[in-house]
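To start, the structure under review is shown below, and the notes come after it.
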Amino acid sequence: MNISRLKFFLWQVLPSILAVLCALLIGAVIILAIGENPLQAYAAMFQGAFGDPSSWAETLQRATPYIFGGLAFLIAARAGLFNIGIEGQMYVGAIAAAIVGFSLHHIPSFLHVTLALIAAAFAGYVWSIVPALLKVKSGVHEVISTIMLNYVAYALTAYLTVRVFHEPGAVAQTYKVDSSAILPALMSPNKLNAGFLLALLLAIAIYVFLFHTPWGYNLRVTGINPSAGLYAGIKSTRVVVWAMLMSGAIGGLMGAERTLGIYGRFINSFSPGYGFTAIAVALLGQNHPLGIIPAAILFGALENGASAMSFQVNVPRELGLILEALIIVFIAAEHFFRVHLRSMIKGDKE
Amino acid sequence: MALEEALVIKGLKKYFGHVKANDGIDLVVPIGTIHAIVGENGAGKSTLMKSLFGLLQPDSGEIYLWGEKVRFSSPLQALDRGIGMVHQHFMLVEALSVLENIILGAEPGKGILLNYNDSRKTVEEICQKYGLVLDLDALVENLPVGIQQRIEIVKMLYRGARLIILDEPSAVLTPHEIVRLFEILREFKKDGCTVIFITHKLNEVMALADDVTVIRDGRTVGHWPISEVNEKILARQMVGRDVVLDLVKDEAQPTELVLQVQDLQTEQVNGDQKAVGLSFDIRAGEILGIIGVAGNGQDALIEGILGLRKVEKGKILYLGENIKGVDTSHLRQKGMSCISSDRLKTGLVGEFSVRENAILGYQAGKEFVSSMLFQKKRIDQYANQLIQKFQIKTPSLEARITTLSGGNQQKLIIGRELHANPKLIIAVQPTRGVDIGAIEFIYQVLLECRRQNTAILLISNELEEVLSLSDRVSVLYQGRFMGSGAPNLLSKDDIGLMMAGIHPEKEGEPA
């Protein structure tokens, strides 16, 4: 019983592990081509990502938006939706948190942070109302509508930053949020903050929601077989709308963590594409809330480790991004791993 | 010495983990004969055929084709050696023409250009030889299933198949189409072709086959020339015990009205047949059978009652309440349940486990949920009871539902739908693709429900099923009833005509 469960678990994670190994292998070839020793480079990278408590902190700090983003993606994906608009939902969430952060004064810190988080989640929620309704009312595919709303979000936040809440100076950024709205740092001076713990809690909550509550059950049924759901009395349109809204709200929280925990304000175009990389994280984590956590930490480690590596070995830090990209390619080829590899391994046994 | 056997299989074994799908299959099929393979669902018929066709690799055993030992690693090799297989689910491209479908995968011509003229000639010759009428330029999506099956057969012949395997060929056909199919298969035999057909309909075996092989629990139980057996013997061999094929049914004791449908007209969905003016009622303790060829408005009727499809006109009263616009979940709570015909489409969630599928429809109920969380212990207890009571064969509660045989999946659905003691059961083809042992079981279960004062709406295209179970029968054709009556007052011929849209009294005149 326990062995068969372990086996099942291994079959679930094996494609992800193989994708990472394949990416590292090709990365090694690239390092060789540069003329460096791959083992040395990877060792430096590992050291940079996990070598001491402060490198751990930086890795986890970088992983935090990916946990939020991965969760946002998976809650939609489990309902059969492809939310590619997390980036936009994150931007509106980030600026909403900032506005609450610098507009309210003299209130207890806990309350201030909570209000800012709620505002961010609500902004992301509102941002996904349109795609959700377009989807169920007139069948507009959410990939189209959410991607387009990303550009609206860029433009809206840029306008608010430059025209409405602009802090005087050359940088396109808003006023600083009050100190009471700052998410407390966990390992100062690193920017790793309580948002990371919030992300972990959220992952666990979503795990319980998906697999141990009727609503999560309905959501999964709708994602896999909406017709069977309808016959069983599950209104798929309602589920789809709620999943999309939840996804948007989590996207908003993702932005709030950056605003309240890292920058202390909203900075125009602050994101290097967190919302898109998060999709890869979700896929690498097999769209499982607990799988997202190691996947996000891996991505954080690649980025953090790569920049540390570039100081020690003559390999540019962009190797981290290359490895991420390779992982994405291999995870996209998951079908190959799942189907062909299984038959290959079984074939060998015979 | 002339070659006598088209196919010989010796001691074929195929295990999936602990499950012995094939555990010693022997089969001998002489050239130029029609050979029936019968067995319950889950007996290993499909595994056997997949092994033969190169879709699965057997663990041990030998296959001799045309006297030569073979082991196929892909269906292409099987096709090359003259084996053609007509699957239960057709493998046709709906957007292509008949001709394009037939030559698909074996396109003639040089380089990248197709030569349609040559192939058209070849296909026409094949059709003529066997008296198969096909419009080669029609689009497949516009053709009825009977014709689609014919295309599959011609496809196999075009590829030079001399051994044709048909998997449950009659499941989708009307009585007339079945007769026609049998004629075609007999033509093949005359021409020296060999035919293997897999079925669980014993009357078809008796009507068509020269020899029959019975498989049970992955093993060959025996094989006989058809003259030495009858349906009773075969049924017993299949199930391993005596089977009551004649249902013992006491008089119906109908009591209060459960469902009244008045002049129901539904919306059309994806161009299917809508209901146009259906009226009927069902009382507790009786079975109303609705018979009709698939696609004549069954879906519209079912979905109209379940609240899944807009009702344009008319009334549906359930337990005296007008249920127009009422949620499906509300109806389910009020004791309406549905055994749907397409298991993996509307009855089960394929990627879910047995446990998760067992609670589909009850997931929000108090029985399995407290303080917003699923109560695993209670769910497990219920699921285990279901498995025991309905004799569902499954490795565990965690097993994916798709790893169960069709019969076991169906038993799970039926057990689940009966769990809450429903007042109305909508049973749609409850025995589709289910073996004879399970059929008997399902019939007994439905009759027991009737005895327990449940109203049952039986919707099926199996004439025997409807006639033997129902207290009243209505014939559905193009969204309306062609006729209704007690089963003993309607002749099979008349029902057959009505199913085709012809009023028996004014024969030959389409309705």
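Here, A, B, ... name the chains of the structure tokens in the order displayed, residue numbers run from 1 inside each chain, and ligands are numbered from 1 in the same displayed order.
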
Counting only C-alpha atoms, which residues in chain B sit no more than 8 Å from chain A? For each one, give the nearest pair of atoms and the distance in Å, sorted by chain then residue number, as JSON lines.
{"residue": "B:Asp59", "atom": "CA", "partner": "A:Glu350", "partner_atom": "CA", "distance": 7.7}
{"residue": "B:Leu306", "atom": "CA", "partner": "A:Tyr231", "partner_atom": "CA", "distance": 7.6}
{"residue": "B:Leu308", "atom": "CA", "partner": "A:Leu230", "partner_atom": "CA", "distance": 7.3}
{"residue": "B:Asp327", "atom": "CA", "partner": "A:Gly233", "partner_atom": "CA", "distance": 7.2}
{"residue": "B:Thr328", "atom": "CA", "partner": "A:Gly233", "partner_atom": "CA", "distance": 4.6}
{"residue": "B:Ser329", "atom": "CA", "partner": "A:Gly233", "partner_atom": "CA", "distance": 4.0}
{"residue": "B:His330", "atom": "CA", "partner": "A:Gly233", "partner_atom": "CA", "distance": 7.7}
{"residue": "B:Arg332", "atom": "CA", "partner": "A:Gly233", "partner_atom": "CA", "distance": 7.3}
{"residue": "B:Cys338", "atom": "CA", "partner": "A:Tyr231", "partner_atom": "CA", "distance": 7.7}
{"residue": "B:Leu344", "atom": "CA", "partner": "A:Ala228", "partner_atom": "CA", "distance": 7.9}
{"residue": "B:Lys345", "atom": "CA", "partner": "A:Ala228", "partner_atom": "CA", "distance": 6.2}
{"residue": "B:Thr346", "atom": "CA", "partner": "A:Ala228", "partner_atom": "CA", "distance": 3.9}
{"residue": "B:Gly347", "atom": "CA", "partner": "A:Ala228", "partner_atom": "CA", "distance": 5.3}
{"residue": "B:Leu348", "atom": "CA", "partner": "A:Ala228", "partner_atom": "CA", "distance": 6.0}
{"residue": "B:Val349", "atom": "CA", "partner": "A:Asn225", "partner_atom": "CA", "distance": 5.9}
{"residue": "B:Gly350", "atom": "CA", "partner": "A:Asn225", "partner_atom": "CA", "distance": 7.8}
{"residue": "B:Glu351", "atom": "CA", "partner": "A:Ile224", "partner_atom": "CA", "distance": 7.3}
{"residue": "B:Leu360", "atom": "CA", "partner": "A:Ala232", "partner_atom": "CA", "distance": 6.3}
{"residue": "B:Gly361", "atom": "CA", "partner": "A:Ala232", "partner_atom": "CA", "distance": 4.3}
{"residue": "B:Gln363", "atom": "CA", "partner": "A:Pro214", "partner_atom": "CA", "distance": 5.5}
{"residue": "B:Ala364", "atom": "CA", "partner": "A:Pro214", "partner_atom": "CA", "distance": 5.4}
{"residue": "B:Val369", "atom": "CA", "partner": "A:Pro214", "partner_atom": "CA", "distance": 7.7}
{"residue": "B:Met372", "atom": "CA", "partner": "A:Thr213", "partner_atom": "CA", "distance": 6.1}
{"residue": "B:Leu373", "atom": "CA", "partner": "A:Thr213", "partner_atom": "CA", "distance": 4.8}
{"residue": "B:Phe374", "atom": "CA", "partner": "A:His212", "partner_atom": "CA", "distance": 5.2}

Contacts of range 250-253 of chain A at 10 Å or less, counting only C-alpha atoms, minus same-chain residues fewer than 4 places along, as a compact mmCIF listing (two decimals) with N, CA and C atoms, in the first residue's frame?
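This went into around-v2.txt:
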# COMPACT_ATOMS: atom_id res chain seq x y z
N PRO A 65 7.65 35.24 -5.18
CA PRO A 65 6.64 35.56 -6.20
C PRO A 65 6.26 34.35 -7.05
N PHE A 68 3.54 32.37 -5.15
CA PHE A 68 2.24 33.02 -5.35
C PHE A 68 1.74 32.81 -6.79
N GLY A 69 2.61 33.10 -7.74
CA GLY A 69 2.21 33.03 -9.15
C GLY A 69 1.85 31.61 -9.56
N GLY A 70 2.63 30.66 -9.07
CA GLY A 70 2.35 29.26 -9.40
C GLY A 70 0.98 28.85 -8.86
N LEU A 71 0.68 29.30 -7.64
CA LEU A 71 -0.63 28.97 -7.04
C LEU A 71 -1.75 29.64 -7.84
N ALA A 72 -1.51 30.89 -8.24
CA ALA A 72 -2.52 31.59 -9.04
C ALA A 72 -2.79 30.83 -10.32
N PHE A 73 -1.71 30.36 -10.96
CA PHE A 73 -1.89 29.65 -12.22
C PHE A 73 -2.62 28.34 -12.00
N ILE A 75 -4.67 27.25 -9.69
CA ILE A 75 -6.08 27.21 -9.28
C ILE A 75 -6.96 27.40 -10.52
N GLY A 85 -2.71 35.89 -17.58
CA GLY A 85 -2.77 37.30 -17.18
C GLY A 85 -2.32 37.56 -15.76
N ILE A 86 -1.56 36.60 -15.17
CA ILE A 86 -1.11 36.78 -13.79
C ILE A 86 -0.24 38.03 -13.67
N GLU A 87 0.56 38.28 -14.72
CA GLU A 87 1.43 39.45 -14.69
C GLU A 87 0.61 40.74 -14.49
N GLY A 88 -0.46 40.87 -15.24
CA GLY A 88 -1.28 42.07 -15.12
C GLY A 88 -1.98 42.13 -13.77
N GLN A 89 -2.49 40.97 -13.31
CA GLN A 89 -3.16 40.93 -12.00
C GLN A 89 -2.17 41.29 -10.90
N MET A 90 -0.92 40.87 -11.09
CA MET A 90 0.12 41.21 -10.11
C MET A 90 0.37 42.71 -10.09
N TYR A 91 0.43 43.34 -11.27
CA TYR A 91 0.68 44.78 -11.33
C TYR A 91 -0.43 45.57 -10.63
N VAL A 92 -1.68 45.24 -10.93
CA VAL A 92 -2.75 46.02 -10.28
C VAL A 92 -2.77 45.75 -8.78
N GLY A 93 -2.42 44.51 -8.39
CA GLY A 93 -2.35 44.19 -6.96
C GLY A 93 -1.23 44.98 -6.30
N ALA A 94 -0.09 45.06 -6.98
CA ALA A 94 1.07 45.76 -6.42
C ALA A 94 0.76 47.23 -6.20
N ILE A 95 0.08 47.85 -7.17
CA ILE A 95 -0.17 49.28 -7.02
C ILE A 95 -1.29 49.53 -6.00
N ALA A 96 -2.24 48.60 -5.94
CA ALA A 96 -3.31 48.77 -4.94
C ALA A 96 -2.73 48.70 -3.54
N ALA A 97 -1.79 47.76 -3.33
CA ALA A 97 -1.14 47.65 -2.02
C ALA A 97 -0.39 48.93 -1.70
N ALA A 116 -3.79 46.41 3.19
CA ALA A 116 -3.07 46.51 1.91
C ALA A 116 -3.15 45.19 1.14
N LEU A 117 -3.03 44.08 1.87
CA LEU A 117 -3.12 42.77 1.22
C LEU A 117 -4.52 42.55 0.65
N ILE A 118 -5.51 42.92 1.42
CA ILE A 118 -6.89 42.74 0.95
C ILE A 118 -7.12 43.59 -0.30
N ALA A 119 -6.62 44.82 -0.26
CA ALA A 119 -6.78 45.70 -1.41
C ALA A 119 -6.13 45.08 -2.64
N ALA A 120 -4.94 44.49 -2.46
CA ALA A 120 -4.22 43.89 -3.58
C ALA A 120 -5.00 42.71 -4.14
N ALA A 121 -5.45 41.85 -3.22
CA ALA A 121 -6.22 40.69 -3.67
C ALA A 121 -7.48 41.13 -4.39
N PHE A 122 -8.12 42.17 -3.85
CA PHE A 122 -9.35 42.65 -4.47
C PHE A 122 -9.06 43.22 -5.87
N ALA A 123 -7.95 43.93 -6.00
CA ALA A 123 -7.60 44.49 -7.32
C ALA A 123 -7.40 43.38 -8.34
N GLY A 124 -6.66 42.34 -7.94
CA GLY A 124 -6.45 41.22 -8.86
C GLY A 124 -7.75 40.52 -9.19
N TYR A 125 -8.60 40.42 -8.19
CA TYR A 125 -9.93 39.83 -8.34
C TYR A 125 -10.75 40.60 -9.37
N VAL A 126 -10.78 41.92 -9.19
CA VAL A 126 -11.54 42.76 -10.12
C VAL A 126 -10.96 42.63 -11.52
N TRP A 127 -9.62 42.56 -11.58
CA TRP A 127 -8.96 42.50 -12.87
C TRP A 127 -9.34 41.24 -13.65
N SER A 128 -9.77 40.18 -12.95
CA SER A 128 -10.12 38.96 -13.69
C SER A 128 -11.63 38.78 -13.85
N GLY A 195 5.94 37.76 3.65
CA GLY A 195 5.19 37.35 2.47
C GLY A 195 5.52 35.92 2.08
N LEU A 198 3.47 33.74 4.18
CA LEU A 198 2.10 33.82 3.68
C LEU A 198 1.92 32.92 2.46
N ALA A 199 2.91 32.91 1.59
CA ALA A 199 2.85 32.08 0.39
C ALA A 199 2.79 30.60 0.78
N LEU A 202 -0.58 29.82 2.14
CA LEU A 202 -1.55 29.80 1.05
C LEU A 202 -1.47 28.48 0.28
N LEU A 245 -11.55 34.17 -10.65
CA LEU A 245 -11.47 35.28 -9.70
C LEU A 245 -10.45 34.98 -8.59
N MET A 246 -10.46 33.72 -8.11
CA MET A 246 -9.48 33.35 -7.09
C MET A 246 -8.07 33.47 -7.63
N GLU A 257 3.20 41.44 -2.20
CA GLU A 257 4.42 41.01 -1.51
C GLU A 257 5.63 41.81 -2.01
N ARG A 258 5.68 42.04 -3.32
CA ARG A 258 6.81 42.82 -3.86
C ARG A 258 6.75 44.27 -3.35
N THR A 259 5.55 44.83 -3.37
CA THR A 259 5.42 46.23 -2.94
C THR A 259 5.73 46.40 -1.46
N GLY A 275 5.09 36.90 -13.57
CA GLY A 275 3.81 36.26 -13.85
C GLY A 275 3.90 35.21 -14.94

*Once DSSP has gone over the backbone, tell me which residues of range 255-374 of chain B are in helix (DSSP H, G or I), as a PyMOL selection string.*
chain B and resi 298-306+328-333+343-347+354-358

For the selection you just gave me, I'd like the residues written to a file as a PDB file, in the first residue's frame, keeping C-alpha atoms.
ATOM      1  CA  GLN B 298     -32.827  11.177 -26.228  1.00  0.00           C
ATOM      2  CA  ASP B 299     -30.227  13.667 -25.024  1.00  0.00           C
ATOM      3  CA  ALA B 300     -32.670  16.543 -25.323  1.00  0.00           C
ATOM      4  CA  LEU B 301     -35.248  14.689 -23.253  1.00  0.00           C
ATOM      5  CA  ILE B 302     -32.805  13.630 -20.534  1.00  0.00           C
ATOM      6  CA  GLU B 303     -31.152  17.013 -20.275  1.00  0.00           C
ATOM      7  CA  GLY B 304     -34.510  18.751 -20.349  1.00  0.00           C
ATOM      8  CA  ILE B 305     -35.689  16.757 -17.333  1.00  0.00           C
ATOM      9  CA  LEU B 306     -32.392  17.152 -15.484  1.00  0.00           C
ATOM     10  CA  THR B 328     -29.718  19.888 -11.268  1.00  0.00           C
ATOM     11  CA  SER B 329     -28.211  19.706  -7.789  1.00  0.00           C
ATOM     12  CA  HIS B 330     -31.597  20.616  -6.300  1.00  0.00           C
ATOM     13  CA  LEU B 331     -33.303  17.899  -8.359  1.00  0.00           C
ATOM     14  CA  ARG B 332     -30.729  15.361  -7.243  1.00  0.00           C
ATOM     15  CA  GLN B 333     -31.402  16.268  -3.631  1.00  0.00           C
ATOM     16  CA  ARG B 343     -19.852   6.516 -18.881  1.00  0.00           C
ATOM     17  CA  LEU B 344     -16.650   8.452 -19.369  1.00  0.00           C
ATOM     18  CA  LYS B 345     -18.404  11.461 -20.848  1.00  0.00           C
ATOM     19  CA  THR B 346     -21.212  12.168 -18.440  1.00  0.00           C
ATOM     20  CA  GLY B 347     -21.039   9.546 -15.714  1.00  0.00           C
ATOM     21  CA  VAL B 354     -12.675   5.013  -7.687  1.00  0.00           C
ATOM     22  CA  ARG B 355     -13.202   6.766  -4.350  1.00  0.00           C
ATOM     23  CA  GLU B 356     -13.585  10.212  -5.887  1.00  0.00           C
ATOM     24  CA  ASN B 357     -15.968   8.927  -8.534  1.00  0.00           C
ATOM     25  CA  ALA B 358     -18.064   7.168  -5.921  1.00  0.00           C
TER      26      ALA B 358
END

*Of the listed residues A:Leu160, A:Ile262, A:Leu183, A:Ala132, that which approaches Ser109 in chain A most closely, counting only C-alpha atoms*: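 Looking at the shortest contact to Ser109 in chain A, the residue is A:Leu183.
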
*Where in range 39-193 of chain B does DSSP assign strand (DSSP E or B), given as a list in words?*
Gly39, Ser60, Gly61, Glu62, Ile63, Tyr64, Leu65, Glu68, Lys69, Val70, Ile83, Gly84, Met85, Val86, Ser97, Leu139, Leu163, Ile164, Ile165, Leu166 and Asp167 of chain B

*Which residue of A:Ile3, A:Leu60, A:Ile67, A:Ile331 approaches Ala295 in chain A most closely, using only C-alpha atoms*: A:Ile67

*Residue nearest Arg159 in chain B among B:Thr122, B:Asn408, B:Gln444, B:Asn296 (counting only C-alpha atoms)*: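 The shortest atom-to-atom distance to Arg159 in chain B comes from B:Thr122.
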
*So how far away is CA of Val428 in chain B from CA of Tyr382 in chain B, in Å?*
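Between CA of Tyr382 in chain B and CA of Val428 in chain B the gap is 24.5 Å.
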
*May I have the residues within 8 Å of Thr47 in chain B as an MDAnalysis selection string, using only C-alpha atoms and disregarding those fewer than 3 positions away in the same chain?*
chainID B and resid 14 21:22 44 50:51 56

Who sits within 12 Å of Glu141 in chain B, only C-alpha atoms, same chain under 4 positions skipped, as a short mmCIF file (atom, residue, chain, number, x, y, z; two decimals) with N, CA and C atoms, in the first residue's frame:
data_model
loop_
_atom_site.label_atom_id
_atom_site.label_comp_id
_atom_site.auth_asym_id
_atom_site.auth_seq_id
_atom_site.Cartn_x
_atom_site.Cartn_y
_atom_site.Cartn_z
N PHE B 90 -15.03 4.21 -33.84
CA PHE B 90 -14.46 4.32 -35.17
C PHE B 90 -13.31 5.30 -35.19
N LEU B 92 -12.27 7.43 -37.57
CA LEU B 92 -12.44 8.17 -38.82
C LEU B 92 -12.22 9.65 -38.59
N VAL B 93 -11.80 10.32 -39.67
CA VAL B 93 -11.64 11.77 -39.59
C VAL B 93 -12.92 12.40 -40.13
N GLU B 94 -13.68 13.02 -39.26
CA GLU B 94 -15.02 13.46 -39.64
C GLU B 94 -15.03 14.51 -40.74
N ALA B 95 -14.00 15.34 -40.78
CA ALA B 95 -14.02 16.45 -41.74
C ALA B 95 -13.58 16.01 -43.14
N LEU B 96 -13.17 14.74 -43.28
CA LEU B 96 -12.71 14.28 -44.59
C LEU B 96 -13.81 13.47 -45.28
N SER B 97 -13.65 13.32 -46.60
CA SER B 97 -14.64 12.55 -47.35
C SER B 97 -14.44 11.06 -47.09
N VAL B 98 -15.40 10.28 -47.54
CA VAL B 98 -15.34 8.83 -47.38
C VAL B 98 -14.08 8.28 -48.04
N ASN B 101 -10.93 9.10 -46.20
CA ASN B 101 -10.79 8.29 -45.00
C ASN B 101 -10.31 6.89 -45.32
N ASP B 137 -17.80 10.50 -51.97
CA ASP B 137 -17.50 11.93 -51.82
C ASP B 137 -18.22 12.59 -50.65
N VAL B 145 -23.97 6.16 -38.16
CA VAL B 145 -22.94 5.24 -37.66
C VAL B 145 -22.85 3.95 -38.48
N ILE B 147 -23.19 3.49 -41.60
CA ILE B 147 -22.37 3.74 -42.79
C ILE B 147 -20.91 3.95 -42.39
N GLN B 148 -20.72 4.62 -41.28
CA GLN B 148 -19.34 4.84 -40.82
C GLN B 148 -18.64 3.51 -40.58
#

_Who sits within 9 Å of Asn203 in chain B, only C-alpha atoms, same chain under 3 positions skipped, as a PyMOL selection string_ = chain B and resi 200+206-208+230-231

_So that I can check the surroundings of Gly295 in chain B, please list as a PyMOL selection string every protein, DNA and RNA residue that reaches within 10 Å of it, counting only C-alpha atoms and ignoring chain neighbours fewer than 4 positions away._
chain B and resi 144+272-274+299-300+476-479

*Do you have the CA of Glu187 in chain B-CA of Leu173 in chain B distance handy?*
19.0 Å

*Would you mind listing what lies within 10 Å of Pro38 in chain A as a VMD selection string, with only C-alpha atoms counted and same-chain residues fewer than 2 positions away left out?*
chain A and resid 24 to 25 27 to 36 40 to 44 313 315

Write the residues you've just listed into a file as an mmCIF file, in the first residue's frame, and include N, CA and C atoms for each of them.
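File out.cif, as written:
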data_model
loop_
_atom_site.group_PDB
_atom_site.id
_atom_site.type_symbol
_atom_site.label_atom_id
_atom_site.label_comp_id
_atom_site.auth_asym_id
_atom_site.auth_seq_id
_atom_site.Cartn_x
_atom_site.Cartn_y
_atom_site.Cartn_z
ATOM 1 N N LEU A 24 20.074 20.736 -16.863
ATOM 2 C CA LEU A 24 21.420 20.872 -16.297
ATOM 3 C C LEU A 24 22.466 20.263 -17.228
ATOM 4 N N LEU A 25 22.096 19.178 -17.863
ATOM 5 C CA LEU A 25 23.021 18.507 -18.780
ATOM 6 C C LEU A 25 23.360 19.416 -19.958
ATOM 7 N N GLY A 27 22.952 22.603 -20.025
ATOM 8 C CA GLY A 27 23.670 23.736 -19.447
ATOM 9 C C GLY A 27 25.150 23.419 -19.331
ATOM 10 N N ALA A 28 25.476 22.187 -18.963
ATOM 11 C CA ALA A 28 26.869 21.776 -18.833
ATOM 12 C C ALA A 28 27.587 21.869 -20.173
ATOM 13 N N VAL A 29 26.906 21.487 -21.228
ATOM 14 C CA VAL A 29 27.498 21.585 -22.570
ATOM 15 C C VAL A 29 27.797 23.040 -22.895
ATOM 16 N N ILE A 30 26.864 23.929 -22.523
ATOM 17 C CA ILE A 30 27.064 25.351 -22.801
ATOM 18 C C ILE A 30 28.280 25.875 -22.025
ATOM 19 N N ILE A 31 28.379 25.458 -20.765
ATOM 20 C CA ILE A 31 29.521 25.903 -19.954
ATOM 21 C C ILE A 31 30.830 25.397 -20.567
ATOM 22 N N LEU A 32 30.812 24.147 -21.030
ATOM 23 C CA LEU A 32 31.996 23.590 -21.694
ATOM 24 C C LEU A 32 32.358 24.432 -22.909
ATOM 25 N N ALA A 33 31.323 24.821 -23.657
ATOM 26 C CA ALA A 33 31.557 25.599 -24.873
ATOM 27 C C ALA A 33 32.198 26.941 -24.524
ATOM 28 N N ILE A 34 31.851 27.494 -23.363
ATOM 29 C CA ILE A 34 32.462 28.757 -22.940
ATOM 30 C C ILE A 34 33.918 28.519 -22.540
ATOM 31 N N GLY A 35 34.232 27.265 -22.224
ATOM 32 C CA GLY A 35 35.595 26.936 -21.856
ATOM 33 C C GLY A 35 35.784 26.827 -20.355
ATOM 34 N N GLU A 36 34.706 26.616 -19.629
ATOM 35 C CA GLU A 36 34.819 26.471 -18.182
ATOM 36 C C GLU A 36 34.433 25.062 -17.773
ATOM 37 N N GLN A 40 32.580 22.716 -11.705
ATOM 38 C CA GLN A 40 33.003 23.858 -10.904
ATOM 39 C C GLN A 40 31.918 24.933 -10.901
ATOM 40 N N ALA A 41 31.371 25.193 -12.090
ATOM 41 C CA ALA A 41 30.354 26.234 -12.225
ATOM 42 C C ALA A 41 29.115 25.872 -11.408
ATOM 43 N N TYR A 42 28.670 24.616 -11.535
ATOM 44 C CA TYR A 42 27.470 24.195 -10.809
ATOM 45 C C TYR A 42 27.720 24.205 -9.309
ATOM 46 N N ALA A 43 28.932 23.835 -8.928
ATOM 47 C CA ALA A 43 29.258 23.862 -7.501
ATOM 48 C C ALA A 43 29.164 25.288 -6.973
ATOM 49 N N ALA A 44 29.685 26.215 -7.761
ATOM 50 C CA ALA A 44 29.631 27.627 -7.361
ATOM 51 C C ALA A 44 28.180 28.097 -7.280
ATOM 52 N N VAL A 313 33.234 32.156 -11.331
ATOM 53 C CA VAL A 313 33.652 31.453 -12.541
ATOM 54 C C VAL A 313 33.346 32.372 -13.710
ATOM 55 N N VAL A 315 31.527 32.477 -16.104
ATOM 56 C CA VAL A 315 30.279 32.104 -16.783
ATOM 57 C C VAL A 315 29.260 33.205 -16.491
#
